[in-house]
file work14.txt (compact mmCIF, C-alpha atoms and all ligand atoms)
# COMPACT_ATOMS: atom_id res chain seq x y z
CA MET A 1 1.23 2.28 25.64
CA ASN A 2 -1.73 3.88 23.91
CA VAL A 3 -1.69 3.61 20.14
CA LEU A 4 -3.55 5.58 17.47
CA ILE A 5 -4.01 4.14 13.98
CA LEU A 6 -4.96 6.59 11.21
CA GLY A 7 -7.12 5.33 8.35
CA SER A 8 -10.28 3.39 7.63
CA GLY A 9 -9.54 0.49 5.30
CA GLY A 10 -8.80 -3.20 5.43
CA ARG A 11 -5.16 -2.31 6.04
CA GLU A 12 -6.06 -0.40 9.19
CA HIS A 13 -8.38 -3.17 10.43
CA THR A 14 -5.49 -5.62 10.01
CA PHE A 15 -3.15 -3.26 11.92
CA ALA A 16 -5.74 -3.00 14.72
CA TRP A 17 -6.25 -6.77 14.87
CA LYS A 18 -2.51 -7.40 15.11
CA ILE A 19 -1.63 -4.59 17.53
CA ASN A 20 -4.49 -5.55 19.82
CA GLN A 21 -2.77 -8.92 20.30
CA SER A 22 0.28 -7.23 21.83
CA PRO A 23 0.63 -7.19 25.62
CA LEU A 24 2.42 -3.86 25.12
CA CYS A 25 -0.79 -2.20 23.89
CA ASP A 26 -2.98 -0.59 26.54
CA LYS A 27 -5.58 1.44 24.70
CA LEU A 28 -6.06 1.39 20.95
CA TYR A 29 -7.79 4.13 18.95
CA ILE A 30 -8.54 4.21 15.24
CA ALA A 31 -9.40 7.39 13.37
CA PRO A 32 -11.78 7.19 11.67
CA GLY A 33 -11.83 3.36 11.48
CA ASN A 34 -14.71 1.16 10.29
CA ALA A 35 -17.09 -1.49 11.62
CA GLY A 36 -14.19 -3.95 11.91
CA THR A 37 -11.64 -1.78 13.73
CA GLN A 38 -14.07 -1.20 16.59
CA GLN A 39 -13.82 -4.90 17.48
CA HIS A 40 -10.25 -4.17 18.61
CA GLY A 41 -10.31 -0.58 19.83
CA THR A 42 -12.22 2.68 19.87
CA ASN A 43 -13.11 4.48 16.67
CA VAL A 44 -12.87 8.26 16.70
CA ALA A 45 -14.56 10.19 13.88
CA ILE A 46 -11.75 12.47 12.76
CA ASN A 47 -10.12 12.93 9.39
CA PRO A 48 -6.41 11.93 9.33
CA MET A 49 -5.72 15.02 7.19
CA ASP A 50 -6.95 17.30 9.98
CA PHE A 51 -3.64 17.45 11.88
CA GLU A 52 -4.99 19.76 14.59
CA ALA A 53 -7.76 17.26 15.37
CA VAL A 54 -5.23 14.40 15.39
CA LYS A 55 -3.03 16.42 17.75
CA LYS A 56 -5.92 17.10 20.13
CA LEU A 57 -6.87 13.41 20.15
CA ALA A 58 -3.25 12.34 20.75
CA ILE A 59 -2.97 14.66 23.76
CA ASP A 60 -6.43 13.87 25.18
CA LYS A 61 -5.89 10.11 24.99
CA ASN A 62 -2.25 10.11 26.04
CA ILE A 63 -1.14 8.46 22.80
CA THR A 64 2.55 7.57 22.44
CA MET A 65 2.49 6.01 18.97
CA VAL A 66 0.67 7.08 15.81
CA LEU A 67 0.66 4.47 13.05
CA VAL A 68 -0.23 6.14 9.77
CA GLY A 69 -2.09 3.91 7.30
CA PRO A 70 -2.58 5.93 4.10
CA GLU A 71 -0.04 8.02 2.18
CA ALA A 72 -1.86 11.37 2.06
CA PRO A 73 -1.13 12.49 5.67
CA LEU A 74 2.50 11.39 5.27
CA VAL A 75 3.02 13.30 2.03
CA ALA A 76 1.30 16.29 3.69
CA GLY A 77 3.83 16.13 6.55
CA ILE A 78 2.15 14.59 9.59
CA TYR A 79 5.51 13.23 10.80
CA ASP A 80 7.06 16.71 10.66
CA PHE A 81 3.99 18.27 12.30
CA PHE A 82 4.43 16.02 15.35
CA LYS A 83 8.19 16.56 15.40
CA LYS A 84 8.03 20.35 15.52
CA GLU A 85 5.46 20.70 18.34
CA VAL A 86 7.15 20.52 21.76
CA ASP A 87 4.19 18.85 23.44
CA LEU A 88 4.07 16.14 20.75
CA GLN A 89 7.73 15.23 20.47
CA HIS A 90 7.42 12.24 22.81
CA ILE A 91 5.00 10.64 20.35
CA SER A 92 6.48 8.37 17.71
CA VAL A 93 4.92 8.61 14.30
CA ILE A 94 5.34 5.46 12.21
CA GLY A 95 5.97 6.72 8.72
CA PRO A 96 8.48 8.92 6.92
CA SER A 97 8.91 12.69 7.07
CA ALA A 98 7.36 14.65 4.18
CA LYS A 99 10.77 14.59 2.52
CA GLY A 100 10.91 10.77 2.75
CA ALA A 101 7.30 10.44 1.62
CA GLN A 102 8.35 12.01 -1.69
CA LEU A 103 9.43 8.50 -2.66
CA GLU A 104 5.69 7.99 -3.21
CA GLY A 105 4.50 11.59 -3.51
CA SER A 106 6.66 12.49 -6.51
CA LYS A 107 7.45 10.11 -9.36
CA ALA A 108 10.21 12.47 -10.55
CA PHE A 109 11.78 12.43 -7.06
CA SER A 110 11.70 8.63 -6.86
CA LYS A 111 13.07 8.19 -10.38
CA ALA A 112 15.98 10.55 -9.59
CA PHE A 113 16.55 8.72 -6.27
CA MET A 114 16.81 5.41 -8.14
CA ALA A 115 18.92 6.79 -10.99
CA LYS A 116 21.45 8.19 -8.50
CA ARG A 117 22.23 4.68 -7.22
CA ASN A 118 21.56 2.63 -10.34
CA ILE A 119 18.54 0.88 -8.84
CA PRO A 120 16.96 -1.01 -11.76
CA THR A 121 13.80 0.73 -13.01
CA ALA A 122 12.30 1.75 -16.36
CA GLY A 123 14.17 4.45 -18.31
CA TYR A 124 12.37 7.81 -18.22
CA GLN A 125 12.22 11.51 -18.99
CA GLU A 126 10.26 14.20 -17.15
CA PHE A 127 8.42 17.15 -18.69
CA THR A 128 6.45 20.25 -17.68
CA GLN A 129 4.35 22.80 -19.59
CA ALA A 130 7.63 24.62 -20.42
CA THR A 131 9.01 21.53 -22.17
CA ILE A 132 5.77 20.20 -23.68
CA GLN A 133 7.16 20.30 -27.25
CA ASP A 134 10.16 18.19 -26.23
CA GLY A 135 7.74 15.76 -24.56
CA LEU A 136 5.58 15.43 -27.67
CA ALA A 137 8.70 14.82 -29.78
CA TYR A 138 9.89 12.24 -27.21
CA ILE A 139 6.57 10.37 -27.43
CA GLU A 140 6.86 10.27 -31.24
CA GLN A 141 10.16 8.43 -30.92
CA GLN A 142 8.64 5.76 -28.65
CA THR A 143 7.22 2.40 -29.59
CA PRO A 144 3.92 1.84 -27.73
CA PRO A 145 2.83 0.94 -25.12
CA ILE A 146 3.65 4.40 -23.75
CA VAL A 147 3.60 4.91 -19.99
CA LEU A 148 2.58 8.37 -18.73
CA LYS A 149 2.74 9.13 -15.02
CA ALA A 150 1.47 12.19 -13.18
CA ASP A 151 4.30 13.27 -10.88
CA GLY A 152 2.14 13.73 -7.77
CA LEU A 153 -0.55 11.79 -5.90
CA ALA A 154 -3.61 11.23 -8.07
CA ALA A 155 -5.68 8.75 -6.01
CA GLY A 156 -4.16 5.80 -7.87
CA LYS A 157 -5.38 7.09 -11.25
CA GLY A 158 -2.28 8.99 -12.36
CA VAL A 159 -0.70 6.26 -14.52
CA LEU A 160 -1.86 5.87 -18.11
CA ILE A 161 -0.61 3.15 -20.44
CA LEU A 162 -1.42 3.88 -24.06
CA ASN A 163 -1.14 1.76 -27.17
CA ASP A 164 -1.31 4.59 -29.65
CA VAL A 165 1.18 7.43 -30.16
CA GLU A 166 -1.47 10.05 -31.08
CA GLU A 167 -3.60 9.15 -28.07
CA ALA A 168 -0.52 9.30 -25.86
CA LYS A 169 0.27 12.80 -27.17
CA MET A 170 -3.29 13.95 -26.41
CA GLU A 171 -3.28 12.48 -22.91
CA PHE A 172 0.17 13.90 -22.23
CA SER A 173 -1.03 17.41 -23.17
CA ALA A 174 -4.21 16.95 -21.12
CA MET A 175 -2.15 15.93 -18.10
CA LEU A 176 0.07 19.00 -18.35
CA ASP A 177 -3.10 21.07 -18.79
CA GLY A 178 -4.30 19.90 -15.38
CA LYS A 179 -6.12 16.60 -15.98
CA PHE A 180 -4.99 15.56 -12.49
CA GLY A 181 -4.70 19.09 -11.11
CA ALA A 182 -1.35 20.04 -9.60
CA ALA A 183 -0.36 16.33 -9.54
CA SER A 184 0.19 16.38 -13.30
CA GLU A 185 1.97 19.72 -13.65
CA LYS A 186 4.96 17.48 -14.17
CA VAL A 187 4.69 14.24 -16.16
CA VAL A 188 7.12 11.32 -16.25
CA ILE A 189 7.24 9.28 -19.45
CA GLU A 190 8.59 5.80 -18.80
CA ASP A 191 9.70 2.83 -20.88
CA PHE A 192 7.13 0.03 -20.75
CA LEU A 193 8.24 -3.03 -18.81
CA ASP A 194 6.66 -6.35 -19.74
CA GLY A 195 6.55 -8.85 -16.90
CA ILE A 196 4.79 -10.04 -13.77
CA GLU A 197 4.40 -7.85 -10.68
CA PHE A 198 4.99 -8.51 -6.99
CA SER A 199 5.67 -6.42 -3.90
CA VAL A 200 8.25 -6.31 -1.16
CA PHE A 201 7.62 -4.59 2.17
CA VAL A 202 10.54 -3.19 4.09
CA LEU A 203 10.43 -1.73 7.55
CA THR A 204 13.26 0.74 8.09
CA ASP A 205 14.38 3.01 10.90
CA GLY A 206 16.51 4.91 8.40
CA THR A 207 19.62 2.81 9.06
CA ASP A 208 18.64 -0.83 9.46
CA TYR A 209 15.82 -2.69 7.84
CA LYS A 210 13.69 -5.80 8.10
CA VAL A 211 11.86 -7.47 5.23
CA LEU A 212 8.25 -8.49 5.83
CA PRO A 213 6.53 -11.26 3.81
CA ILE A 214 6.34 -10.59 0.07
CA ALA A 215 2.96 -10.42 -1.66
CA LYS A 216 1.20 -9.98 -4.97
CA ASP A 217 -2.04 -8.09 -5.41
CA TYR A 218 -4.62 -8.19 -8.19
CA LYS A 219 -5.50 -4.63 -9.23
CA ARG A 220 -7.89 -5.04 -12.14
CA ILE A 221 -11.64 -5.30 -11.55
CA GLY A 222 -12.16 -8.17 -13.98
CA GLU A 223 -11.21 -11.85 -13.89
CA GLY A 224 -8.17 -12.58 -16.03
CA ASP A 225 -6.76 -9.14 -15.09
CA ILE A 226 -8.96 -7.11 -17.41
CA GLY A 227 -10.87 -3.86 -17.00
CA LEU A 228 -10.28 -0.86 -14.80
CA ASN A 229 -7.68 -0.56 -12.07
CA THR A 230 -8.95 -0.76 -8.48
CA GLY A 231 -7.27 -0.36 -5.13
CA GLY A 232 -6.81 -4.14 -5.17
CA MET A 233 -9.24 -7.07 -5.49
CA GLY A 234 -7.20 -9.70 -3.68
CA ALA A 235 -3.69 -10.75 -2.75
CA VAL A 236 -1.48 -13.72 -2.02
CA SER A 237 1.63 -14.18 0.13
CA PRO A 238 4.19 -15.63 -0.45
CA VAL A 239 4.52 -15.36 -4.23
CA PRO A 240 5.41 -18.75 -5.78
CA PHE A 241 7.53 -17.37 -8.65
CA VAL A 242 9.73 -15.31 -6.35
CA ASP A 243 12.48 -17.80 -5.54
CA GLU A 244 15.65 -17.33 -3.54
CA THR A 245 17.71 -16.27 -6.57
CA LEU A 246 15.25 -13.51 -7.49
CA MET A 247 14.95 -12.39 -3.87
CA GLN A 248 18.75 -12.24 -3.66
CA LYS A 249 18.78 -9.86 -6.65
CA VAL A 250 16.01 -7.78 -5.09
CA THR A 251 17.96 -7.51 -1.84
CA GLN A 252 21.32 -6.63 -3.39
CA ARG A 253 20.19 -4.38 -6.23
CA ILE A 254 17.10 -2.78 -4.72
CA ILE A 255 16.51 -3.10 -0.96
CA ILE A 256 20.05 -2.39 0.26
CA PRO A 257 20.67 0.59 -2.06
CA THR A 258 17.21 1.98 -1.22
CA VAL A 259 17.83 1.94 2.54
CA LYS A 260 21.35 3.32 2.01
CA GLY A 261 19.93 6.05 -0.21
CA ILE A 262 17.39 7.02 2.45
CA ALA A 263 20.26 7.48 4.91
CA GLU A 264 22.53 9.25 2.40
CA ASP A 265 19.83 11.72 1.33
CA GLU A 266 18.82 12.24 4.98
CA LEU A 267 15.18 11.50 4.26
CA GLU A 268 14.28 10.92 7.94
CA TYR A 269 12.36 7.72 7.57
CA LYS A 270 10.94 5.47 10.27
CA GLY A 271 8.29 3.49 8.49
CA PHE A 272 7.39 1.17 5.65
CA VAL A 273 8.87 1.17 2.19
CA PHE A 274 6.51 -0.73 -0.08
CA ILE A 275 8.45 -1.56 -3.23
CA GLY A 276 6.31 -2.40 -6.25
CA LEU A 277 8.40 -4.65 -8.49
CA ILE A 278 8.13 -6.31 -11.87
CA LYS A 279 10.01 -9.41 -12.96
CA VAL A 280 11.12 -9.03 -16.56
CA GLY A 281 12.70 -12.27 -17.74
CA GLU A 282 14.64 -13.20 -14.62
CA GLU A 283 15.43 -9.64 -13.52
CA PRO A 284 13.62 -7.43 -10.99
CA TYR A 285 12.81 -3.76 -11.71
CA VAL A 286 11.15 -1.17 -9.49
CA ILE A 287 7.77 0.05 -10.76
CA GLU A 288 7.17 2.37 -7.82
CA TYR A 289 7.83 3.09 -4.18
CA ASN A 290 5.05 3.67 -1.66
CA CYS A 291 5.72 5.11 1.77
CA ARG A 292 3.13 2.96 3.56
CA MET A 293 1.84 -0.60 3.62
CA GLY A 294 -0.32 -1.89 0.77
CA ASP A 295 -4.02 -2.61 0.87
CA PRO A 296 -5.01 -5.48 0.46
CA GLU A 297 -1.40 -6.70 0.81
CA THR A 298 -1.39 -5.97 4.55
CA GLU A 299 -4.29 -8.40 4.91
CA VAL A 300 -1.98 -11.24 3.79
CA VAL A 301 1.35 -9.95 5.12
CA LEU A 302 0.49 -9.42 8.80
CA PRO A 303 -1.32 -12.75 9.30
CA ARG A 304 1.99 -14.43 8.35
CA LEU A 305 4.08 -12.31 10.71
CA GLU A 306 4.69 -14.25 13.93
CA ASN A 307 6.30 -11.38 15.86
CA ASP A 308 4.60 -8.99 18.20
CA PHE A 309 3.95 -6.23 15.62
CA LEU A 310 3.86 -3.47 18.21
CA GLU A 311 7.23 -4.58 19.58
CA LEU A 312 8.59 -4.34 16.03
CA LEU A 313 7.19 -0.82 15.62
CA ILE A 314 8.63 0.27 18.98
CA ALA A 315 12.05 -1.04 17.90
CA LEU A 316 11.62 0.86 14.64
CA SER A 317 10.92 4.12 16.42
CA GLU A 318 13.75 3.61 18.91
CA GLY A 319 16.26 2.65 16.22
CA THR A 320 16.81 -0.87 17.59
CA LEU A 321 15.33 -2.78 14.68
CA LYS A 322 18.63 -4.62 14.27
CA GLU A 323 18.02 -6.54 17.49
CA ILE A 324 14.77 -8.11 16.30
CA ASP A 325 14.43 -11.39 14.42
CA VAL A 326 11.48 -11.31 12.09
CA LYS A 327 9.64 -14.63 12.13
CA ILE A 328 7.40 -15.50 9.21
CA SER A 329 4.91 -18.36 9.08
CA GLU A 330 5.47 -21.10 6.48
CA LYS A 331 1.76 -20.96 5.72
CA ALA A 332 0.41 -19.21 2.64
CA ALA A 333 -2.14 -16.43 3.05
CA THR A 334 -4.68 -15.22 0.53
CA THR A 335 -7.32 -12.55 0.62
CA ILE A 336 -10.36 -11.96 -1.55
CA MET A 337 -11.94 -8.50 -1.53
CA LEU A 338 -15.71 -8.17 -1.72
CA VAL A 339 -16.62 -4.92 -3.47
CA SER A 340 -19.76 -2.91 -4.20
CA GLY A 341 -21.29 -3.52 -7.64
CA GLY A 342 -20.13 -0.76 -10.01
CA TYR A 343 -16.82 -0.13 -8.24
CA PRO A 344 -14.32 1.31 -9.24
CA GLU A 345 -16.86 3.53 -11.02
CA ALA A 346 -20.12 4.75 -9.39
CA TYR A 347 -21.61 2.41 -6.77
CA GLU A 348 -24.25 2.51 -4.05
CA LYS A 349 -23.56 2.44 -0.31
CA GLY A 350 -25.68 1.46 2.67
CA LYS A 351 -26.39 -2.14 1.68
CA THR A 352 -27.08 -4.40 4.67
CA MET A 353 -24.48 -7.15 5.05
CA THR A 354 -25.36 -10.62 6.35
CA GLY A 355 -23.71 -14.01 6.73
CA PHE A 356 -20.89 -13.08 9.13
CA ASP A 357 -21.98 -15.86 11.52
CA LYS A 358 -21.69 -18.48 8.77
CA VAL A 359 -17.99 -17.82 8.13
CA THR A 360 -15.50 -20.28 9.58
CA ASP A 361 -11.69 -20.51 9.18
CA SER A 362 -11.16 -17.03 7.69
CA LEU A 363 -10.22 -13.65 9.11
CA LEU A 364 -12.61 -10.93 8.03
CA PHE A 365 -10.94 -7.54 7.61
CA HIS A 366 -13.41 -4.74 7.07
CA ALA A 367 -12.77 -1.95 4.56
CA GLY A 368 -15.80 0.19 3.59
CA THR A 369 -18.24 -0.90 6.30
CA LYS A 370 -20.10 0.82 9.06
CA GLN A 371 -22.10 -0.39 12.02
CA GLU A 372 -25.32 1.11 13.39
CA ALA A 373 -26.91 -0.75 16.29
CA ASN A 374 -26.52 -4.41 15.33
CA LYS A 375 -26.54 -3.82 11.61
CA ILE A 376 -23.39 -3.72 9.46
CA SER A 377 -23.75 -2.06 6.08
CA THR A 378 -21.52 -1.21 3.13
CA ASN A 379 -19.88 2.18 3.19
CA GLY A 380 -17.38 2.16 0.32
CA GLY A 381 -16.19 0.55 -2.91
CA ARG A 382 -13.99 -2.07 -1.33
CA VAL A 383 -16.03 -3.61 1.48
CA LEU A 384 -14.52 -6.70 3.09
CA ALA A 385 -11.26 -8.65 2.77
CA ILE A 386 -11.59 -12.38 3.44
CA THR A 387 -8.20 -13.73 4.48
CA SER A 388 -7.35 -17.40 4.89
CA LEU A 389 -4.23 -19.39 5.68
CA GLY A 390 -3.35 -22.77 4.19
CA ASP A 391 -0.47 -25.08 3.39
CA ASP A 392 -0.27 -23.48 -0.04
CA PHE A 393 -2.07 -20.59 -1.72
CA LYS A 394 -4.56 -22.90 -3.44
CA ALA A 395 -5.65 -24.40 -0.11
CA ALA A 396 -5.95 -20.91 1.39
CA LEU A 397 -7.92 -19.64 -1.63
CA ALA A 398 -10.41 -22.47 -1.41
CA ILE A 399 -11.32 -21.29 2.10
CA SER A 400 -11.54 -17.61 1.09
CA ASN A 401 -13.71 -18.50 -1.90
CA LYS A 402 -16.04 -20.64 0.20
CA ASN A 403 -16.53 -17.77 2.65
CA ALA A 404 -16.80 -15.08 -0.05
CA ALA A 405 -19.97 -16.82 -1.19
CA LEU A 406 -21.45 -16.76 2.34
CA ILE A 407 -21.30 -13.04 3.04
CA GLU A 408 -24.17 -11.35 1.30
CA PHE A 409 -25.13 -7.83 0.30
CA ASP A 410 -27.00 -6.37 -2.66
CA LYS A 411 -24.78 -6.09 -5.80
CA LYS A 412 -21.80 -7.83 -4.18
CA ASN A 413 -18.93 -8.40 -6.59
CA TYR A 414 -15.60 -10.21 -6.24
CA ARG A 415 -12.99 -11.99 -8.31
CA LYS A 416 -13.03 -15.78 -8.14
CA ASP A 417 -9.70 -16.09 -9.94
CA ILE A 418 -7.18 -14.55 -7.50
CA GLY A 419 -3.85 -16.33 -8.06
CA PHE A 420 -4.89 -17.47 -11.56
CA ASP A 421 -1.47 -16.66 -13.05
CA LEU A 422 0.65 -18.34 -10.37
P1 LIG B 501 2.17 2.88 -10.33
O1 LIG B 501 1.11 3.81 -9.80
O2 LIG B 501 3.46 3.52 -10.67
O3 LIG B 501 2.29 1.63 -9.51
O4 LIG B 501 1.55 2.29 -11.68
C1 LIG B 501 0.31 1.63 -11.70
C2 LIG B 501 0.40 0.35 -12.51
O5 LIG B 501 0.78 0.67 -13.84
C3 LIG B 501 1.46 -0.61 -12.01
O6 LIG B 501 1.02 -1.44 -10.98
C4 LIG B 501 1.78 -1.37 -13.26
O7 LIG B 501 0.83 -2.38 -13.49
C5 LIG B 501 1.63 -0.34 -14.35
N1 LIG B 501 2.93 0.26 -14.69
C6 LIG B 501 3.50 1.34 -14.11
N2 LIG B 501 4.70 1.61 -14.67
C7 LIG B 501 4.89 0.70 -15.65
C8 LIG B 501 5.93 0.46 -16.60
N3 LIG B 501 7.01 1.23 -16.68
N4 LIG B 501 5.78 -0.59 -17.43
C9 LIG B 501 4.68 -1.37 -17.38
N5 LIG B 501 3.66 -1.20 -16.52
C10 LIG B 501 3.76 -0.17 -15.66
N1 LIG B 502 -2.65 -2.53 -3.43
C1 LIG B 502 -1.83 -1.51 -3.90
C2 LIG B 502 -1.62 -0.38 -2.98
O1 LIG B 502 -1.89 -0.44 -1.78
O2 LIG B 502 -1.10 0.63 -3.45

call {"tool": "encode", "arguments": {"input": "work14.txt", "output": "structure tokens"}}
result
Amino acid sequence: MNVLILGSGGREHTFAWKINQSPLCDKLYIAPGNAGTQQHGTNVAINPMDFEAVKKLAIDKNITMVLVGPEAPLVAGIYDFFKKEVDLQHISVIGPSAKGAQLEGSKAFSKAFMAKRNIPTAGYQEFTQATIQDGLAYIEQQTPPIVLKADGLAAGKGVLILNDVEEAKMEFSAMLDGKFGAASEKVVIEDFLDGIEFSVFVLTDGTDYKVLPIAKDYKRIGEGDIGLNTGGMGAVSPVPFVDETLMQKVTQRIIIPTVKGIAEDELEYKGFVFIGLIKVGEEPYVIEYNCRMGDPETEVVLPRLENDFLELLIALSEGTLKEIDVKISEKAATTIMLVSGGYPEAYEKGKTMTGFDKVTDSLLFHAGTKQEANKISTNGGRVLAITSLGDDFKAALAISNKNAALIEFDKKNYRKDIGFDL
């Protein structure tokens, strides 16, 4: 079959690398892709949010599966768009309907979804401009840190954690006044949970589910987990502190009720549920749902998956997931993300990258890169994920670190302490 992957990050390069290994894949297209994805398929310069362009490409190239990388097209309803057009109905879209994507697209929706089935998560209240006074009074009763969340998608910037009540009140008002545009017309105020984070990835056809390898990413720009939040500076899989007892709790209290809830609420979901979790004491709580795979988590999850990934996605779309045994490698995987100096604030693009030929023993997953003639240059904040496998995460990290030093570009930055807290 011909497959189309939407997106342009390290996640999508990893999807392309894995799908290209499947004997079931004839032609592979990536839109828009990057310098790495074109090693495994054909890049097509269209924006995944331009559904008409995606439709034209799908018809022209006889695509039968569209694997959606990022959340924005899912929240905007790309699944539903393909479903309602007669000439597109034979194409399976991997991802939820717009209704299902609300698990990520609306914090208020996901909190209500969890509350309905007692899925453990932080206590919360939601407010709008009409209830701003109640919100300010609610904040005054809280002991900091105070967690404010824009209801809608805000490019990963919509969560503020404040240590001061007055500052929290100001930020809360600013959010309702449009700090994040329509995304913060509604604001969720959550109890602060103190613990260590990890992520679980579930593939569901809306009835059955399979659990992919668990992972932990490192979001802060600075070593020791300080400084601004980024899309993710590195990741490890598996996560040493997640033992069988904790995973049992996650399965019983979180995964099973989540999949049941998706069926009960008729969310029409054939895709990934990425559950961001926090371990508080010995108990797991949900921080957030995402309706897609993580980046850079995909760069450590898929290299440990021993199945034919495309076969798994076909089973997902046909509702036969139950018949598949997911096989996961015993090896540990780590990834280190090289980023442009300045990221996640202002940074320069177009820096020539060298050293690819010196790298041994790692998989290089491109994020913000582009190729012109024989030259690869930087084209984004996050540039390259260096993934390695080893007998444990320390062995894998040693390889990623060695190779991170060998790839060069002006103002390269990366964290040398991934896994420091494990
Ligand atoms: P989210 O976009 O919901 O994942 O939030 C971004 C980050 O904020 C998370 O990865 C956590 O590190 C942090 N965070 C979110 N909610 C809470 C909470 N209730 N308590 C503590 N930290 C939180
Ligand atoms: N690495 C976090 C995310 O993909 O949302």

call {"tool": "closest_residue", "arguments": {"input": "work14.txt", "among": "A:Phe309, A:Phe113, A:Phe420, A:Phe81", "to": "Pro23 (chain A)", "atoms": "all atoms listed in the file"}}
result
A:Phe309

call {"tool": "residues_near_ligand", "arguments": {"input": "work14.txt", "ligand": "ligand LIG 501 (chain B)", "cutoff": "10 Å", "atoms": "only C-alpha atoms and all ligand atoms", "output": "MDAnalysis selection string"}}
result
chainID A and resid 104 107 121:124 145:151 153:161 189:199 217:220 229 275:278 285:290

call {"tool": "residues_near_ligand", "arguments": {"input": "work14.txt", "ligand": "ligand LIG 502 (chain B)", "cutoff": "6 Å", "atoms": "all atoms listed in the file", "output": "list in words"}}
result
Asp217, Gly231, Gly232, Gly294, Asp295 and Pro296 of chain A

call {"tool": "write_last_selection", "arguments": {"input": "work14.txt", "atoms": "C-alpha atoms", "output": "PDB file, keeping the file's coordinate frame"}}
result
ATOM      1  CA  ASP A 217      -2.040  -8.090  -5.410  1.00  0.00           C
ATOM      2  CA  GLY A 231      -7.270  -0.360  -5.130  1.00  0.00           C
ATOM      3  CA  GLY A 232      -6.810  -4.140  -5.170  1.00  0.00           C
ATOM      4  CA  GLY A 294      -0.320  -1.890   0.770  1.00  0.00           C
ATOM      5  CA  ASP A 295      -4.020  -2.610   0.870  1.00  0.00           C
ATOM      6  CA  PRO A 296      -5.010  -5.480   0.460  1.00  0.00           C
TER       7      PRO A 296
END

call {"tool": "residues_around", "arguments": {"input": "work14.txt", "residues": "region 50-62 of chain A", "least_positions_apart": "5", "cutoff": "9 Å", "atoms": "all atoms listed in the file", "output": "JSON list (two decimals) with C-alpha atoms, in the coordinates of the input"}}
result
[["chain", "number", "residue", "atom", "x", "y", "z"],
["A", 1, "MET", "CA", 1.23, 2.28, 25.64],
["A", 2, "ASN", "CA", -1.73, 3.88, 23.91],
["A", 3, "VAL", "CA", -1.69, 3.61, 20.14],
["A", 4, "LEU", "CA", -3.55, 5.58, 17.47],
["A", 6, "LEU", "CA", -4.96, 6.59, 11.21],
["A", 27, "LYS", "CA", -5.58, 1.44, 24.70],
["A", 29, "TYR", "CA", -7.79, 4.13, 18.95],
["A", 31, "ALA", "CA", -9.40, 7.39, 13.37],
["A", 44, "VAL", "CA", -12.87, 8.26, 16.70],
["A", 73, "PRO", "CA", -1.13, 12.49, 5.67],
["A", 78, "ILE", "CA", 2.15, 14.59, 9.59],
["A", 81, "PHE", "CA", 3.99, 18.27, 12.30],
["A", 82, "PHE", "CA", 4.43, 16.02, 15.35],
["A", 87, "ASP", "CA", 4.19, 18.85, 23.44],
["A", 88, "LEU", "CA", 4.07, 16.14, 20.75],
["A", 91, "ILE", "CA", 5.00, 10.64, 20.35]]

call {"tool": "residues_around", "arguments": {"input": "work14.txt", "residues": "Pro238 (chain A)", "least_positions_apart": "3", "cutoff": "8 Å", "atoms": "only C-alpha atoms", "output": "list in words"}}
result
Pro213, Ile214, Ala215, Lys216, Ala332 and Ala333 of chain A

call {"tool": "residues_around", "arguments": {"input": "work14.txt", "residues": "region 15-20 of chain A", "least_positions_apart": "2", "cutoff": "7 Å", "atoms": "only C-alpha atoms", "output": "list of chain:residue names"}}
result
A:Arg11, A:Glu12, A:His13, A:Ser22, A:Cys25, A:Thr37, A:His40, A:Phe309, A:Leu310

call {"tool": "axis_aligned_box", "arguments": {"input": "work14.txt", "around": "region 90-103 of chain A", "padding_each_side": "8 Å", "output": "JSON"}}
result
{"center_x": 7.9, "center_y": 10.1, "center_z": 10.1, "size_x": 22.0, "size_y": 25.2, "size_z": 41.5}

call {"tool": "closest_residue", "arguments": {"input": "work14.txt", "among": "A:Pro303, A:Pro240, A:Gly10, A:Gly319", "to": "Thr207 (chain A)", "atoms": "all atoms listed in the file"}}
result
A:Gly319

call {"tool": "closest_residue", "arguments": {"input": "work14.txt", "among": "A:Gly261, A:Gly222, A:Gly355, A:Gly350", "to": "Ser110 (chain A)", "atoms": "only C-alpha atoms"}}
result
A:Gly261

call {"tool": "atom_distance", "arguments": {"input": "work14.txt", "atom1": "CA of Leu203 (chain A)", "atom2": "CA of Val326 (chain A)"}}
result
10.7 Å

call {"tool": "residues_around", "arguments": {"input": "work14.txt", "residues": "Gly77 (chain A)", "least_positions_apart": "2", "cutoff": "12 Å", "atoms": "all atoms listed in the file", "output": "list in words"}}
result
Pro48, Met49, Asp50, Phe51, Val68, Glu71, Ala72, Pro73, Leu74, Val75, Tyr79, Asp80, Phe81, Phe82, Lys83, Lys84, Val93, Gly95, Pro96, Ser97, Ala98, Lys99, Gly100, Ala101, Gln102, Gly105 and Glu268 of chain A

call {"tool": "closest_residue", "arguments": {"input": "work14.txt", "among": "A:Arg415, A:Lys349, A:Lys358, A:Lys394", "to": "Ile376 (chain A)", "atoms": "all atoms listed in the file"}}
result
A:Lys349
